[in-house]
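K.L.:
This is the structure, below, for whatever I ask next.
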Amino acid sequence: MSAMLEARKSSVLSGHYEIVMDGKPITKWQTSMWRTGGTFDLDGHRYEVRSNAWGTRFTLTRDDATMATAERVGRRRWSVDAGGHVHEFQGRSMWRSEESLLKAGRPVGYIKRLSIWRSNAVADLPGLPVPVQIFALAVTLAKWDNAASSG
């Protein structure tokens, strides 16, 4: 059984989220003010998320070592490569803030907004290590925020 993540936005004006796993706070996702990305601390380690200038490629690093990369972010289908395992994601539709985690082309997990009125989101991503789940959630939040600010 996988753990459920929830991202709870600190305030309407803030880009920071409290990350909760199965109802217990585990970290805070601190977005960067100057570029797309941010940081979170987990189990005594600082993780950094950074994107390229177009917001289509993200990297997750810990202690200056790349832990995961997300490619083709902003497209209908995109992927996260972590530890040599490629995890495929697909947007459900243009009108819904929901991404499906695919395995052999079939949905096995998801990341979705709880409401169109709030920025909070939930994720159920079985098979992904917790830091990679937080990374995929953070990348998705950045994707949605970028789409909202450009549209």
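Just remember, in the structure tokens the first chain shown is A, the second B, etc., residues are 1-based per chain, and ligands are 1-based in the order shown.
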From the DSSP assignment of the backbone, select every residue of stretch 14-83 of chain A that is strand (DSSP E), and format the answer as a PyMOL selection string.
P.N.:
chain A and resi 17-21+24-31+37-42+45-51+58-62+65-71+77-82
K.L.:
Could those residues be written to a file, using N, CA and C atoms, as a compact mmCIF listing (two decimals), in the first residue's frame?
P.N.:
# COMPACT_ATOMS: atom_id res chain seq x y z
N TYR A 17 4.29 25.38 0.49
CA TYR A 17 3.32 24.33 0.82
C TYR A 17 3.84 23.49 1.97
N GLU A 18 2.94 23.08 2.84
CA GLU A 18 3.26 22.06 3.83
C GLU A 18 2.96 20.72 3.17
N ILE A 19 3.91 19.78 3.23
CA ILE A 19 3.71 18.46 2.65
C ILE A 19 3.38 17.50 3.79
N VAL A 20 2.24 16.85 3.65
CA VAL A 20 1.71 15.95 4.67
C VAL A 20 1.64 14.55 4.08
N MET A 21 2.08 13.55 4.85
CA MET A 21 1.98 12.16 4.41
C MET A 21 1.09 11.41 5.38
N LYS A 24 0.26 13.34 8.49
CA LYS A 24 1.34 13.87 9.33
C LYS A 24 2.27 14.76 8.52
N PRO A 25 2.55 16.01 9.00
CA PRO A 25 3.49 16.88 8.28
C PRO A 25 4.88 16.24 8.22
N ILE A 26 5.49 16.24 7.00
CA ILE A 26 6.84 15.66 6.87
C ILE A 26 7.86 16.68 6.37
N THR A 27 7.41 17.73 5.67
CA THR A 27 8.34 18.75 5.17
C THR A 27 7.56 19.95 4.67
N LYS A 28 8.30 20.97 4.27
CA LYS A 28 7.71 22.15 3.62
C LYS A 28 8.37 22.32 2.25
N TRP A 29 7.55 22.52 1.24
CA TRP A 29 8.04 22.82 -0.10
C TRP A 29 8.13 24.33 -0.19
N GLN A 30 9.37 24.85 -0.27
CA GLN A 30 9.64 26.28 -0.31
C GLN A 30 9.96 26.67 -1.74
N THR A 31 9.05 27.37 -2.40
CA THR A 31 9.31 27.75 -3.78
C THR A 31 10.31 28.90 -3.83
N GLY A 37 11.27 26.45 -9.19
CA GLY A 37 11.93 25.43 -8.39
C GLY A 37 11.79 25.77 -6.92
N GLY A 38 12.60 25.13 -6.11
CA GLY A 38 12.56 25.38 -4.68
C GLY A 38 13.32 24.31 -3.92
N THR A 39 13.03 24.21 -2.63
CA THR A 39 13.74 23.27 -1.76
C THR A 39 12.77 22.61 -0.79
N PHE A 40 13.20 21.45 -0.29
CA PHE A 40 12.52 20.82 0.84
C PHE A 40 13.56 20.02 1.62
N ASP A 41 13.32 19.87 2.91
CA ASP A 41 14.19 19.10 3.79
C ASP A 41 13.45 17.83 4.19
N LEU A 42 14.17 16.71 4.13
CA LEU A 42 13.56 15.42 4.49
C LEU A 42 14.63 14.52 5.07
N HIS A 45 18.20 15.80 5.17
CA HIS A 45 18.83 16.18 3.90
C HIS A 45 18.07 17.33 3.26
N ARG A 46 18.81 18.22 2.60
CA ARG A 46 18.21 19.31 1.83
C ARG A 46 18.14 18.87 0.38
N TYR A 47 16.96 18.96 -0.21
CA TYR A 47 16.74 18.65 -1.62
C TYR A 47 16.45 19.95 -2.36
N GLU A 48 17.02 20.07 -3.55
CA GLU A 48 16.78 21.25 -4.39
C GLU A 48 16.13 20.81 -5.69
N VAL A 49 15.14 21.58 -6.12
CA VAL A 49 14.46 21.36 -7.39
C VAL A 49 14.71 22.59 -8.25
N ARG A 50 15.22 22.39 -9.44
CA ARG A 50 15.50 23.49 -10.37
C ARG A 50 14.98 23.12 -11.75
N SER A 51 14.61 24.16 -12.51
CA SER A 51 14.14 23.91 -13.87
C SER A 51 15.01 24.65 -14.87
N PHE A 58 13.18 19.54 -15.21
CA PHE A 58 13.47 19.80 -13.80
C PHE A 58 14.47 18.76 -13.30
N THR A 59 15.29 19.16 -12.34
CA THR A 59 16.20 18.22 -11.68
C THR A 59 15.98 18.28 -10.17
N LEU A 60 16.15 17.14 -9.54
CA LEU A 60 16.13 17.01 -8.09
C LEU A 60 17.54 16.64 -7.65
N THR A 61 18.14 17.47 -6.80
CA THR A 61 19.48 17.18 -6.31
C THR A 61 19.48 17.10 -4.79
N ARG A 62 20.39 16.30 -4.28
CA ARG A 62 20.67 16.22 -2.84
C ARG A 62 22.17 16.16 -2.70
N ALA A 65 24.22 16.02 -5.84
CA ALA A 65 24.09 14.84 -6.70
C ALA A 65 22.67 14.79 -7.26
N THR A 66 22.55 14.54 -8.56
CA THR A 66 21.23 14.45 -9.19
C THR A 66 20.55 13.16 -8.76
N MET A 67 19.35 13.32 -8.20
CA MET A 67 18.55 12.17 -7.74
C MET A 67 17.48 11.78 -8.77
N ALA A 68 16.96 12.79 -9.49
CA ALA A 68 15.90 12.53 -10.46
C ALA A 68 15.83 13.69 -11.45
N THR A 69 15.27 13.41 -12.63
CA THR A 69 15.00 14.44 -13.61
C THR A 69 13.57 14.26 -14.14
N ALA A 70 12.93 15.36 -14.44
CA ALA A 70 11.62 15.34 -15.08
C ALA A 70 11.77 15.95 -16.46
N GLU A 71 11.29 15.27 -17.47
CA GLU A 71 11.43 15.71 -18.86
C GLU A 71 10.07 15.95 -19.48
N ARG A 77 2.11 14.23 -22.04
CA ARG A 77 2.86 13.11 -21.45
C ARG A 77 4.24 13.60 -21.07
N TRP A 78 4.66 13.28 -19.86
CA TRP A 78 5.98 13.66 -19.38
C TRP A 78 6.49 12.54 -18.48
N SER A 79 7.76 12.63 -18.08
CA SER A 79 8.33 11.51 -17.32
C SER A 79 9.28 12.00 -16.23
N VAL A 80 9.46 11.12 -15.25
CA VAL A 80 10.44 11.32 -14.19
C VAL A 80 11.37 10.12 -14.23
N ASP A 81 12.67 10.40 -14.35
CA ASP A 81 13.70 9.35 -14.32
C ASP A 81 14.40 9.44 -12.97
N ALA A 82 14.27 8.39 -12.18
CA ALA A 82 14.88 8.35 -10.85
C ALA A 82 15.56 7.00 -10.65
K.L.:
Have a look at atom CA of A:Val132 and atom CA of A:Val86 and let me know their distance in Å, one decimal.
P.N.:
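Atom-to-atom, atom CA of A:Val132 to atom CA of A:Val86, that is 11.4 Å.
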K.L.:
May I have the residues within 12 Å of A:Val108 as a ChimeraX atom specification, using only C-alpha atoms and disregarding those fewer than 3 positions away in the same chain?
P.N.:
/A:1-2,87-90,99-105,111,123-128
K.L.:
Could you take the residues named above and write them with C-alpha atoms, as a tab-separated table (two decimals), in the first residue's frame?
P.N.:
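Listing of result.tsv after writing:
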chain	number	residue	atom	x	y	z
A	1	MET	CA	0.00	0.00	0.00
A	2	SER	CA	1.31	3.44	-0.88
A	87	HIS	CA	7.98	6.87	-14.46
A	88	GLU	CA	5.49	8.09	-17.08
A	89	PHE	CA	2.84	10.71	-16.33
A	90	GLN	CA	-0.08	11.87	-18.43
A	99	GLU	CA	-1.94	13.89	-13.76
A	100	SER	CA	-1.98	10.09	-13.92
A	101	LEU	CA	1.07	7.94	-13.09
A	102	LEU	CA	1.19	5.21	-15.73
A	103	LYS	CA	2.63	1.70	-15.62
A	104	ALA	CA	2.55	-0.23	-18.89
A	105	GLY	CA	0.22	2.47	-20.23
A	111	ILE	CA	-1.58	13.86	-8.60
A	123	ALA	CA	-0.76	12.53	-4.70
A	124	ASP	CA	-0.87	8.76	-4.59
A	125	LEU	CA	2.28	7.55	-6.34
A	126	PRO	CA	2.93	3.88	-5.53
A	127	GLY	CA	6.40	2.55	-6.22
A	128	LEU	CA	8.20	5.90	-6.04
K.L.:
Between atom CA of A:Leu5 and atom CA of A:Arg57, what distance in Å does the model show, to one decimal?
P.N.:
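The value is 22.6 Å.
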